[in-house]
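Just upload21.txt here, compact mmCIF, N, CA and C atoms:
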```
# COMPACT_ATOMS: atom_id res chain seq x y z
N MET A 1260 154.13 101.75 119.34
CA MET A 1260 153.83 100.50 120.01
C MET A 1260 153.74 100.76 121.51
N THR A 1261 152.74 100.19 122.11
CA THR A 1261 152.54 100.44 123.53
C THR A 1261 153.11 99.33 124.40
N SER A 1262 153.31 98.17 123.86
CA SER A 1262 153.78 97.04 124.66
C SER A 1262 155.03 96.45 124.05
N SER A 1263 155.92 95.96 124.91
CA SER A 1263 157.12 95.32 124.40
C SER A 1263 156.77 93.99 123.73
N LYS A 1264 155.65 93.39 124.15
CA LYS A 1264 155.23 92.14 123.50
C LYS A 1264 154.83 92.38 122.06
N GLU A 1265 154.23 93.52 121.80
CA GLU A 1265 153.89 93.86 120.42
C GLU A 1265 155.15 94.09 119.59
N LYS A 1266 156.15 94.70 120.21
CA LYS A 1266 157.41 94.90 119.51
C LYS A 1266 158.09 93.57 119.22
N ILE A 1267 158.00 92.63 120.16
CA ILE A 1267 158.61 91.32 119.94
C ILE A 1267 157.91 90.59 118.80
N VAL A 1268 156.58 90.68 118.74
CA VAL A 1268 155.83 90.04 117.66
C VAL A 1268 156.21 90.67 116.32
N LEU A 1269 156.24 92.00 116.27
CA LEU A 1269 156.61 92.70 115.04
C LEU A 1269 158.06 92.38 114.65
N GLY A 1270 158.95 92.42 115.65
CA GLY A 1270 160.35 92.11 115.37
C GLY A 1270 160.54 90.68 114.91
N GLY A 1271 159.81 89.73 115.51
CA GLY A 1271 159.90 88.33 115.10
C GLY A 1271 159.42 88.13 113.68
N CYS A 1272 158.31 88.78 113.35
CA CYS A 1272 157.77 88.65 111.98
C CYS A 1272 158.73 89.26 110.96
N LEU A 1273 159.25 90.45 111.27
CA LEU A 1273 160.17 91.09 110.33
C LEU A 1273 161.50 90.34 110.23
N THR A 1274 161.95 89.80 111.35
CA THR A 1274 163.18 89.01 111.32
C THR A 1274 163.02 87.76 110.48
N GLY A 1275 161.91 87.06 110.66
CA GLY A 1275 161.64 85.88 109.84
C GLY A 1275 161.48 86.22 108.38
N LEU A 1276 160.77 87.31 108.10
CA LEU A 1276 160.58 87.75 106.73
C LEU A 1276 161.91 88.09 106.08
N GLY A 1277 162.74 88.84 106.80
CA GLY A 1277 164.05 89.21 106.26
C GLY A 1277 164.98 88.03 106.10
N THR A 1278 164.93 87.11 107.06
CA THR A 1278 165.77 85.92 106.96
C THR A 1278 165.36 85.07 105.77
N GLY A 1279 164.07 84.86 105.60
CA GLY A 1279 163.59 84.07 104.47
C GLY A 1279 163.91 84.72 103.14
N LEU A 1280 163.69 86.02 103.05
CA LEU A 1280 163.95 86.73 101.80
C LEU A 1280 165.44 86.76 101.48
N SER A 1281 166.26 87.14 102.45
CA SER A 1281 167.69 87.26 102.16
C SER A 1281 168.33 85.91 101.85
N TRP A 1282 167.94 84.87 102.58
CA TRP A 1282 168.56 83.58 102.35
C TRP A 1282 168.12 82.97 101.01
N SER A 1283 166.85 83.15 100.66
CA SER A 1283 166.41 82.57 99.39
C SER A 1283 166.99 83.34 98.20
N VAL A 1284 167.11 84.65 98.31
CA VAL A 1284 167.74 85.41 97.23
C VAL A 1284 169.23 85.05 97.13
N PHE A 1285 169.89 84.90 98.28
CA PHE A 1285 171.29 84.50 98.28
C PHE A 1285 171.45 83.12 97.64
N MET A 1286 170.57 82.21 97.98
CA MET A 1286 170.63 80.87 97.38
C MET A 1286 170.47 80.93 95.86
N ASP A 1287 169.53 81.75 95.40
CA ASP A 1287 169.34 81.87 93.96
C ASP A 1287 170.56 82.46 93.27
N LEU A 1288 171.19 83.43 93.92
CA LEU A 1288 172.34 84.09 93.30
C LEU A 1288 173.57 83.20 93.24
N VAL A 1289 173.86 82.48 94.33
CA VAL A 1289 175.11 81.72 94.36
C VAL A 1289 174.98 80.31 93.78
N SER A 1290 173.77 79.84 93.59
CA SER A 1290 173.64 78.48 93.08
C SER A 1290 173.20 78.47 91.62
N ARG A 1291 173.63 79.44 90.86
CA ARG A 1291 173.34 79.45 89.42
C ARG A 1291 174.01 78.29 88.71
N ASP A 1292 175.10 77.80 89.29
CA ASP A 1292 175.81 76.67 88.70
C ASP A 1292 175.26 75.33 89.18
N GLN A 1293 174.11 75.35 89.84
CA GLN A 1293 173.43 74.16 90.38
C GLN A 1293 174.22 73.47 91.48
N LEU A 1294 175.16 74.19 92.11
CA LEU A 1294 175.93 73.67 93.23
C LEU A 1294 175.85 74.64 94.38
N PHE A 1295 175.73 74.11 95.58
CA PHE A 1295 175.75 74.93 96.79
C PHE A 1295 176.78 74.31 97.72
N ASP A 1296 178.03 74.76 97.59
CA ASP A 1296 179.12 74.11 98.30
C ASP A 1296 179.30 74.68 99.71
N ASN A 1297 180.33 74.19 100.40
CA ASN A 1297 180.54 74.53 101.81
C ASN A 1297 180.86 76.01 102.02
N GLN A 1298 181.61 76.63 101.12
CA GLN A 1298 181.93 78.04 101.28
C GLN A 1298 180.68 78.90 101.15
N GLU A 1299 179.83 78.58 100.22
CA GLU A 1299 178.59 79.33 100.06
C GLU A 1299 177.67 79.13 101.26
N PHE A 1300 177.64 77.91 101.78
CA PHE A 1300 176.83 77.64 102.97
C PHE A 1300 177.34 78.42 104.17
N ALA A 1301 178.65 78.44 104.38
CA ALA A 1301 179.22 79.17 105.51
C ALA A 1301 178.97 80.67 105.37
N LEU A 1302 179.04 81.17 104.17
CA LEU A 1302 178.77 82.59 103.94
C LEU A 1302 177.29 82.91 104.18
N SER A 1303 176.41 81.97 103.89
CA SER A 1303 174.98 82.22 104.08
C SER A 1303 174.59 82.28 105.55
N LEU A 1304 175.44 81.78 106.44
CA LEU A 1304 175.14 81.83 107.87
C LEU A 1304 175.24 83.23 108.45
N ILE A 1305 175.84 84.15 107.72
CA ILE A 1305 175.95 85.54 108.16
C ILE A 1305 174.60 86.26 108.01
N LEU A 1306 173.79 85.83 107.07
CA LEU A 1306 172.56 86.55 106.76
C LEU A 1306 171.58 86.65 107.93
N PRO A 1307 171.28 85.56 108.67
CA PRO A 1307 170.37 85.73 109.81
C PRO A 1307 170.93 86.69 110.87
N LEU A 1308 172.24 86.69 111.04
CA LEU A 1308 172.85 87.61 112.00
C LEU A 1308 172.62 89.06 111.57
N LEU A 1309 172.87 89.35 110.31
CA LEU A 1309 172.68 90.71 109.81
C LEU A 1309 171.23 91.16 109.88
N VAL A 1310 170.33 90.25 109.53
CA VAL A 1310 168.90 90.59 109.58
C VAL A 1310 168.45 90.84 111.02
N GLY A 1311 168.89 89.99 111.94
CA GLY A 1311 168.52 90.17 113.34
C GLY A 1311 169.03 91.48 113.91
N LEU A 1312 170.26 91.85 113.57
CA LEU A 1312 170.82 93.11 114.05
C LEU A 1312 170.10 94.31 113.45
N ALA A 1313 169.79 94.26 112.14
CA ALA A 1313 169.11 95.37 111.48
C ALA A 1313 167.69 95.56 112.02
N VAL A 1314 166.96 94.47 112.18
CA VAL A 1314 165.59 94.57 112.68
C VAL A 1314 165.60 95.02 114.14
N GLY A 1315 166.55 94.54 114.91
CA GLY A 1315 166.64 94.95 116.30
C GLY A 1315 166.88 96.44 116.46
N LYS A 1316 167.70 96.99 115.57
CA LYS A 1316 167.97 98.42 115.63
C LYS A 1316 166.76 99.24 115.17
N SER A 1317 166.05 98.75 114.17
CA SER A 1317 164.93 99.54 113.64
C SER A 1317 163.66 99.42 114.49
N VAL A 1318 163.41 98.25 115.06
CA VAL A 1318 162.18 98.06 115.85
C VAL A 1318 162.40 98.41 117.31
N GLY A 1319 163.61 98.20 117.80
CA GLY A 1319 163.90 98.50 119.19
C GLY A 1319 163.77 97.30 120.11
N VAL A 1320 163.98 96.10 119.57
CA VAL A 1320 163.94 94.88 120.36
C VAL A 1320 165.37 94.44 120.62
N GLN A 1321 165.62 93.86 121.77
CA GLN A 1321 166.98 93.47 122.14
C GLN A 1321 167.51 92.37 121.22
N ARG A 1322 168.85 92.39 121.08
CA ARG A 1322 169.49 91.38 120.24
C ARG A 1322 169.32 89.98 120.81
N ARG A 1323 169.28 89.84 122.12
CA ARG A 1323 169.15 88.51 122.73
C ARG A 1323 167.80 87.88 122.45
N VAL A 1324 166.87 88.65 121.94
CA VAL A 1324 165.57 88.13 121.55
C VAL A 1324 165.55 87.82 120.06
N LEU A 1325 166.05 88.74 119.25
CA LEU A 1325 165.91 88.59 117.79
C LEU A 1325 166.93 87.66 117.16
N LEU A 1326 168.12 87.57 117.71
CA LEU A 1326 169.11 86.67 117.11
C LEU A 1326 168.73 85.20 117.22
N PRO A 1327 168.22 84.73 118.38
CA PRO A 1327 167.72 83.34 118.38
C PRO A 1327 166.55 83.14 117.44
N ILE A 1328 165.66 84.13 117.34
CA ILE A 1328 164.54 84.02 116.41
C ILE A 1328 165.05 83.92 114.98
N ALA A 1329 166.07 84.71 114.64
CA ALA A 1329 166.61 84.69 113.27
C ALA A 1329 167.22 83.34 112.94
N PHE A 1330 168.04 82.80 113.84
CA PHE A 1330 168.71 81.54 113.53
C PHE A 1330 167.77 80.35 113.63
N LEU A 1331 166.80 80.39 114.55
CA LEU A 1331 165.83 79.30 114.61
C LEU A 1331 164.91 79.32 113.40
N THR A 1332 164.56 80.52 112.94
CA THR A 1332 163.75 80.63 111.72
C THR A 1332 164.54 80.11 110.52
N TRP A 1333 165.82 80.44 110.47
CA TRP A 1333 166.63 79.92 109.36
C TRP A 1333 166.73 78.41 109.44
N ALA A 1334 166.92 77.87 110.64
CA ALA A 1334 167.15 76.43 110.78
C ALA A 1334 165.91 75.62 110.48
N MET A 1335 164.76 76.07 110.94
CA MET A 1335 163.60 75.22 110.80
C MET A 1335 162.83 75.43 109.49
N PRO A 1336 162.11 76.51 109.27
CA PRO A 1336 161.36 76.52 108.00
C PRO A 1336 162.19 76.91 106.78
N VAL A 1337 163.09 77.89 106.91
CA VAL A 1337 163.74 78.45 105.72
C VAL A 1337 164.73 77.48 105.10
N PHE A 1338 165.56 76.85 105.88
CA PHE A 1338 166.56 75.92 105.36
C PHE A 1338 165.90 74.75 104.65
N GLY A 1339 164.88 74.20 105.26
CA GLY A 1339 164.17 73.07 104.65
C GLY A 1339 163.43 73.46 103.39
N MET A 1340 162.82 74.63 103.41
CA MET A 1340 162.10 75.08 102.22
C MET A 1340 163.06 75.40 101.08
N GLY A 1341 164.22 75.95 101.44
CA GLY A 1341 165.20 76.30 100.41
C GLY A 1341 165.72 75.08 99.68
N PHE A 1342 165.97 74.01 100.42
CA PHE A 1342 166.47 72.81 99.77
C PHE A 1342 165.35 71.93 99.26
N GLY A 1343 164.12 72.26 99.61
CA GLY A 1343 162.99 71.51 99.09
C GLY A 1343 162.50 72.02 97.75
N GLY A 1344 163.09 73.09 97.28
CA GLY A 1344 162.73 73.60 95.97
C GLY A 1344 161.73 74.73 95.99
N ALA A 1345 161.53 75.37 97.13
CA ALA A 1345 160.58 76.48 97.20
C ALA A 1345 161.19 77.71 96.53
N ASN A 1346 160.31 78.54 95.97
CA ASN A 1346 160.80 79.76 95.33
C ASN A 1346 160.96 80.86 96.39
N VAL A 1347 161.33 82.06 95.95
CA VAL A 1347 161.63 83.16 96.87
C VAL A 1347 160.38 83.57 97.65
N LEU A 1348 159.25 83.66 96.99
CA LEU A 1348 158.02 84.07 97.67
C LEU A 1348 157.59 83.07 98.73
N GLU A 1349 157.65 81.80 98.41
CA GLU A 1349 157.28 80.78 99.39
C GLU A 1349 158.23 80.77 100.58
N THR A 1350 159.51 80.91 100.33
CA THR A 1350 160.48 80.91 101.42
C THR A 1350 160.34 82.16 102.28
N THR A 1351 160.05 83.30 101.66
CA THR A 1351 159.85 84.52 102.42
C THR A 1351 158.61 84.43 103.29
N THR A 1352 157.53 83.90 102.75
CA THR A 1352 156.31 83.71 103.53
C THR A 1352 156.53 82.72 104.66
N GLY A 1353 157.20 81.63 104.37
CA GLY A 1353 157.52 80.66 105.41
C GLY A 1353 158.41 81.24 106.48
N GLY A 1354 159.32 82.11 106.10
CA GLY A 1354 160.18 82.78 107.07
C GLY A 1354 159.40 83.70 107.99
N ALA A 1355 158.44 84.43 107.43
CA ALA A 1355 157.61 85.32 108.26
C ALA A 1355 156.76 84.52 109.24
N ILE A 1356 156.19 83.43 108.78
CA ILE A 1356 155.40 82.57 109.67
C ILE A 1356 156.30 81.92 110.71
N GLY A 1357 157.47 81.48 110.30
CA GLY A 1357 158.43 80.89 111.24
C GLY A 1357 158.90 81.90 112.27
N GLY A 1358 159.12 83.15 111.86
CA GLY A 1358 159.50 84.19 112.80
C GLY A 1358 158.43 84.44 113.85
N LEU A 1359 157.17 84.42 113.42
CA LEU A 1359 156.07 84.55 114.39
C LEU A 1359 156.03 83.36 115.33
N PHE A 1360 156.25 82.17 114.79
CA PHE A 1360 156.24 80.96 115.62
C PHE A 1360 157.34 81.00 116.67
N TRP A 1361 158.55 81.37 116.26
CA TRP A 1361 159.67 81.39 117.21
C TRP A 1361 159.60 82.57 118.15
N ALA A 1362 158.78 83.58 117.86
CA ALA A 1362 158.61 84.70 118.78
C ALA A 1362 157.68 84.36 119.94
N VAL A 1363 156.89 83.30 119.81
CA VAL A 1363 155.91 82.94 120.85
C VAL A 1363 156.55 82.71 122.21
N PRO A 1364 157.66 81.97 122.35
CA PRO A 1364 158.23 81.80 123.69
C PRO A 1364 158.67 83.11 124.34
N PHE A 1365 159.12 84.05 123.53
CA PHE A 1365 159.56 85.33 124.08
C PHE A 1365 158.37 86.18 124.51
N VAL A 1366 157.27 86.05 123.80
CA VAL A 1366 156.06 86.80 124.17
C VAL A 1366 155.42 86.21 125.41
N LEU A 1367 155.41 84.90 125.51
CA LEU A 1367 154.76 84.24 126.64
C LEU A 1367 155.58 84.30 127.93
N SER A 1368 156.86 84.60 127.81
CA SER A 1368 157.69 84.63 129.02
C SER A 1368 157.32 85.85 129.86
N LYS A 1369 157.59 85.76 131.14
CA LYS A 1369 157.24 86.82 132.08
C LYS A 1369 158.32 87.89 132.05
N LYS A 1370 158.01 89.00 131.40
CA LYS A 1370 158.90 90.15 131.31
C LYS A 1370 160.25 89.82 130.70
N GLY A 1371 160.30 88.82 129.86
CA GLY A 1371 161.52 88.48 129.14
C GLY A 1371 162.57 87.77 129.97
N ARG A 1372 162.31 87.44 131.22
CA ARG A 1372 163.31 86.80 132.06
C ARG A 1372 163.43 85.32 131.79
N LEU A 1373 162.34 84.69 131.40
CA LEU A 1373 162.35 83.24 131.20
C LEU A 1373 162.28 82.87 129.73
N TRP A 1374 162.79 83.72 128.87
CA TRP A 1374 162.68 83.48 127.44
C TRP A 1374 163.41 82.22 127.03
N PHE A 1375 164.51 81.91 127.70
CA PHE A 1375 165.30 80.76 127.30
C PHE A 1375 164.57 79.45 127.58
N ILE A 1376 163.71 79.43 128.61
CA ILE A 1376 162.93 78.23 128.89
C ILE A 1376 161.92 77.99 127.78
N GLY A 1377 161.23 79.04 127.37
CA GLY A 1377 160.27 78.92 126.28
C GLY A 1377 160.93 78.56 124.96
N ALA A 1378 162.09 79.18 124.69
CA ALA A 1378 162.80 78.88 123.45
C ALA A 1378 163.30 77.44 123.45
N PHE A 1379 163.78 76.99 124.61
CA PHE A 1379 164.25 75.61 124.70
C PHE A 1379 163.10 74.63 124.49
N PHE A 1380 161.93 74.95 125.06
CA PHE A 1380 160.76 74.09 124.90
C PHE A 1380 160.34 73.99 123.43
N VAL A 1381 160.28 75.13 122.76
CA VAL A 1381 159.89 75.13 121.34
C VAL A 1381 160.95 74.42 120.51
N PHE A 1382 162.23 74.61 120.85
CA PHE A 1382 163.30 73.94 120.11
C PHE A 1382 163.21 72.42 120.28
N VAL A 1383 162.91 71.96 121.51
CA VAL A 1383 162.76 70.52 121.75
C VAL A 1383 161.59 69.97 120.94
N LEU A 1384 160.48 70.71 120.91
CA LEU A 1384 159.34 70.28 120.10
C LEU A 1384 159.72 70.19 118.62
N ALA A 1385 160.49 71.16 118.14
CA ALA A 1385 160.90 71.15 116.74
C ALA A 1385 161.83 69.97 116.45
N VAL A 1386 162.75 69.68 117.35
CA VAL A 1386 163.66 68.56 117.14
C VAL A 1386 162.90 67.24 117.17
N VAL A 1387 161.96 67.12 118.08
CA VAL A 1387 161.15 65.89 118.14
C VAL A 1387 160.33 65.75 116.86
N GLY A 1388 159.76 66.83 116.40
CA GLY A 1388 158.99 66.78 115.16
C GLY A 1388 159.84 66.44 113.96
N LEU A 1389 161.04 67.02 113.91
CA LEU A 1389 161.95 66.72 112.80
C LEU A 1389 162.41 65.27 112.84
N SER A 1390 162.74 64.78 114.02
CA SER A 1390 163.18 63.38 114.11
C SER A 1390 162.04 62.42 113.77
N TRP A 1391 160.82 62.78 114.15
CA TRP A 1391 159.68 61.94 113.77
C TRP A 1391 159.52 61.94 112.26
N TYR A 1392 159.65 63.12 111.64
CA TYR A 1392 159.52 63.22 110.20
C TYR A 1392 160.60 62.42 109.49
N LEU A 1393 161.85 62.53 109.96
CA LEU A 1393 162.93 61.76 109.35
C LEU A 1393 162.74 60.26 109.58
N GLY A 1394 162.16 59.88 110.72
CA GLY A 1394 161.89 58.47 110.98
C GLY A 1394 160.85 57.91 110.04
N THR A 1395 159.89 58.74 109.62
CA THR A 1395 158.88 58.26 108.69
C THR A 1395 159.43 58.07 107.29
N LEU A 1396 160.53 58.76 106.97
CA LEU A 1396 161.11 58.62 105.64
C LEU A 1396 161.87 57.31 105.48
N LEU A 1397 162.34 56.75 106.59
CA LEU A 1397 163.15 55.53 106.51
C LEU A 1397 162.29 54.30 106.34
```
Taking this structure as input, can you express it in the form of structure tokens?
Amino acid sequence: MTSSKEKIVLGGCLTGLGTGLSWSVFMDLVSRDQLFDNQEFALSLILPLLVGLAVGKSVGVQRRVLLPIAFLTWAMPVFGMGFGGANVLETTTGGAIGGLFWAVPFVLSKKGRLWFIGAFFVFVLAVVGLSWYLGTLL
């Protein structure tokens, strides 16, 4: 890779893919009894951390970039898809697309110094979109 922006895009995609795959497989394994209780949920929060650390080590992207991508990818597309009844393939694909989406603020920032502004902007857009969606359900 010649550019750190390319590494961030690759790392974001792999982080999202790994987060989607690991979380959906974990959900399938622990919810065989058709229950997903608080202990299983708390244990599943470790998966984005592990995926972000593993991808960061293999691709060479900093943890401060990949860990927010991992947890934002888990929070927005993967968590909703998992409880919406998506299968492993759909959740993995959604995770990869979500990882690319959440990598955009880090790629657009100037030399990685303003990444938090871009991430905050995308997070605000996601919260506004989610609240609009929940408002339409009522």
Item checked: All alpha helix (DSSP H) positions in chain A, as JSON, numbers by chain -> {"A": [1263, 1264, 1265, 1266, 1267, 1268, 1269, 1270, 1271, 1272, 1273, 1274, 1275, 1276, 1277, 1278, 1279, 1280, 1281, 1282, 1283, 1284, 1285, 1286, 1287, 1288, 1289, 1297, 1298, 1299, 1300, 1301, 1302, 1303, 1305, 1306, 1307, 1308, 1309, 1310, 1311, 1312, 1313, 1314, 1315, 1316, 1317, 1318, 1322, 1323, 1324, 1325, 1326, 1327, 1328, 1329, 1330, 1331, 1332, 1338, 1339, 1340, 1341, 1342, 1347, 1348, 1349, 1350, 1351, 1352, 1353, 1354, 1355, 1356, 1357, 1358, 1359, 1360, 1361, 1362, 1363, 1364, 1365, 1366, 1367, 1374, 1375, 1376, 1377, 1378, 1379, 1380, 1381, 1382, 1383, 1384, 1385, 1386, 1387, 1388, 1389, 1390, 1391, 1392, 1393, 1394, 1395, 1396]}
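Atom pair CA of Ile1305 (chain A) / atom C of Ser1368 (chain A) has a distance of 28.6 Å (rounded to one decimal).
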Shortest contact to Phe1338 (chain A), candidates A:Phe1379, A:Phe1300, A:Arg1291, A:Gly1279, atoms counted all atoms listed in the file, goes to A:Gly1279
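Taking CA of Phe1365 (chain A) as the reference point, CA of Val1324 (chain A) is found at 7.1 Å.
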- Task: Name all residues at most 6.5 Å from region 1309-1314 of chain A (count all atoms listed in the file; drop same-chain ones fewer than 2 positions away) and give them as a PyMOL selection string.
- Result: chain A and resi 1270+1273-1274+1277-1278+1305-1307+1316-1320+1322+1325-1326+1329
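Interatomic distance, atom N of Glu1349 (chain A) against atom N of Val1337 (chain A): 10.8 Å.
Shell of Leu1331 (chain A) at 9 Å, with only C-alpha atoms counted and residues fewer than 2 places along the chain excluded, is A:Leu1326, A:Pro1327, A:Ile1328, A:Ala1329, A:Trp1333, A:Ala1334, A:Met1335, A:Pro1336, A:Gly1357, A:Gly1358, A:Trp1361, A:Phe1382.
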Saved selection, atoms kept: N, CA and C atoms, as a CSV table (one decimal), keeping the file's coordinate frame:
```
chain,number,residue,atom,x,y,z
A,1326,LEU,N,168.1,87.6,117.7
A,1326,LEU,CA,169.1,86.7,117.1
A,1326,LEU,C,168.7,85.2,117.2
A,1327,PRO,N,168.2,84.7,118.4
A,1327,PRO,CA,167.7,83.3,118.4
A,1327,PRO,C,166.6,83.1,117.4
A,1328,ILE,N,165.7,84.1,117.3
A,1328,ILE,CA,164.5,84.0,116.4
A,1328,ILE,C,165.0,83.9,115.0
A,1329,ALA,N,166.1,84.7,114.6
A,1329,ALA,CA,166.6,84.7,113.3
A,1329,ALA,C,167.2,83.3,112.9
A,1333,TRP,N,165.8,80.4,110.5
A,1333,TRP,CA,166.6,79.9,109.4
A,1333,TRP,C,166.7,78.4,109.4
A,1334,ALA,N,166.9,77.9,110.6
A,1334,ALA,CA,167.2,76.4,110.8
A,1334,ALA,C,165.9,75.6,110.5
A,1335,MET,N,164.8,76.1,110.9
A,1335,MET,CA,163.6,75.2,110.8
A,1335,MET,C,162.8,75.4,109.5
A,1336,PRO,N,162.1,76.5,109.3
A,1336,PRO,CA,161.4,76.5,108.0
A,1336,PRO,C,162.2,76.9,106.8
A,1357,GLY,N,157.5,81.5,110.3
A,1357,GLY,CA,158.4,80.9,111.2
A,1357,GLY,C,158.9,81.9,112.3
A,1358,GLY,N,159.1,83.2,111.9
A,1358,GLY,CA,159.5,84.2,112.8
A,1358,GLY,C,158.4,84.4,113.8
A,1361,TRP,N,158.6,81.4,116.3
A,1361,TRP,CA,159.7,81.4,117.2
A,1361,TRP,C,159.6,82.6,118.2
A,1382,PHE,N,162.2,74.6,120.8
A,1382,PHE,CA,163.3,73.9,120.1
A,1382,PHE,C,163.2,72.4,120.3
```
List every protein, DNA or RNA residue with an atom no more than 6.5 Å from (158.6, 88.5, 119.1) in the file's coordinates, counting all atoms listed in the file, and format the result as a ChimeraX atom specification.
/A:1264,1266-1272,1361-1363,1365-1366
Would you export the selected residues with N, CA and C atoms as a compact mmCIF listing (two decimals), in the coordinates of the input, please?
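What ended up in selection-v2.txt:
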```txt
# COMPACT_ATOMS: atom_id res chain seq x y z
N LYS A 1264 155.65 93.39 124.15
CA LYS A 1264 155.23 92.14 123.50
C LYS A 1264 154.83 92.38 122.06
N LYS A 1266 156.15 94.70 120.21
CA LYS A 1266 157.41 94.90 119.51
C LYS A 1266 158.09 93.57 119.22
N ILE A 1267 158.00 92.63 120.16
CA ILE A 1267 158.61 91.32 119.94
C ILE A 1267 157.91 90.59 118.80
N VAL A 1268 156.58 90.68 118.74
CA VAL A 1268 155.83 90.04 117.66
C VAL A 1268 156.21 90.67 116.32
N LEU A 1269 156.24 92.00 116.27
CA LEU A 1269 156.61 92.70 115.04
C LEU A 1269 158.06 92.38 114.65
N GLY A 1270 158.95 92.42 115.65
CA GLY A 1270 160.35 92.11 115.37
C GLY A 1270 160.54 90.68 114.91
N GLY A 1271 159.81 89.73 115.51
CA GLY A 1271 159.90 88.33 115.10
C GLY A 1271 159.42 88.13 113.68
N CYS A 1272 158.31 88.78 113.35
CA CYS A 1272 157.77 88.65 111.98
C CYS A 1272 158.73 89.26 110.96
N TRP A 1361 158.55 81.37 116.26
CA TRP A 1361 159.67 81.39 117.21
C TRP A 1361 159.60 82.57 118.15
N ALA A 1362 158.78 83.58 117.86
CA ALA A 1362 158.61 84.70 118.78
C ALA A 1362 157.68 84.36 119.94
N VAL A 1363 156.89 83.30 119.81
CA VAL A 1363 155.91 82.94 120.85
C VAL A 1363 156.55 82.71 122.21
N PHE A 1365 159.12 84.05 123.53
CA PHE A 1365 159.56 85.33 124.08
C PHE A 1365 158.37 86.18 124.51
N VAL A 1366 157.27 86.05 123.80
CA VAL A 1366 156.06 86.80 124.17
C VAL A 1366 155.42 86.21 125.41
```
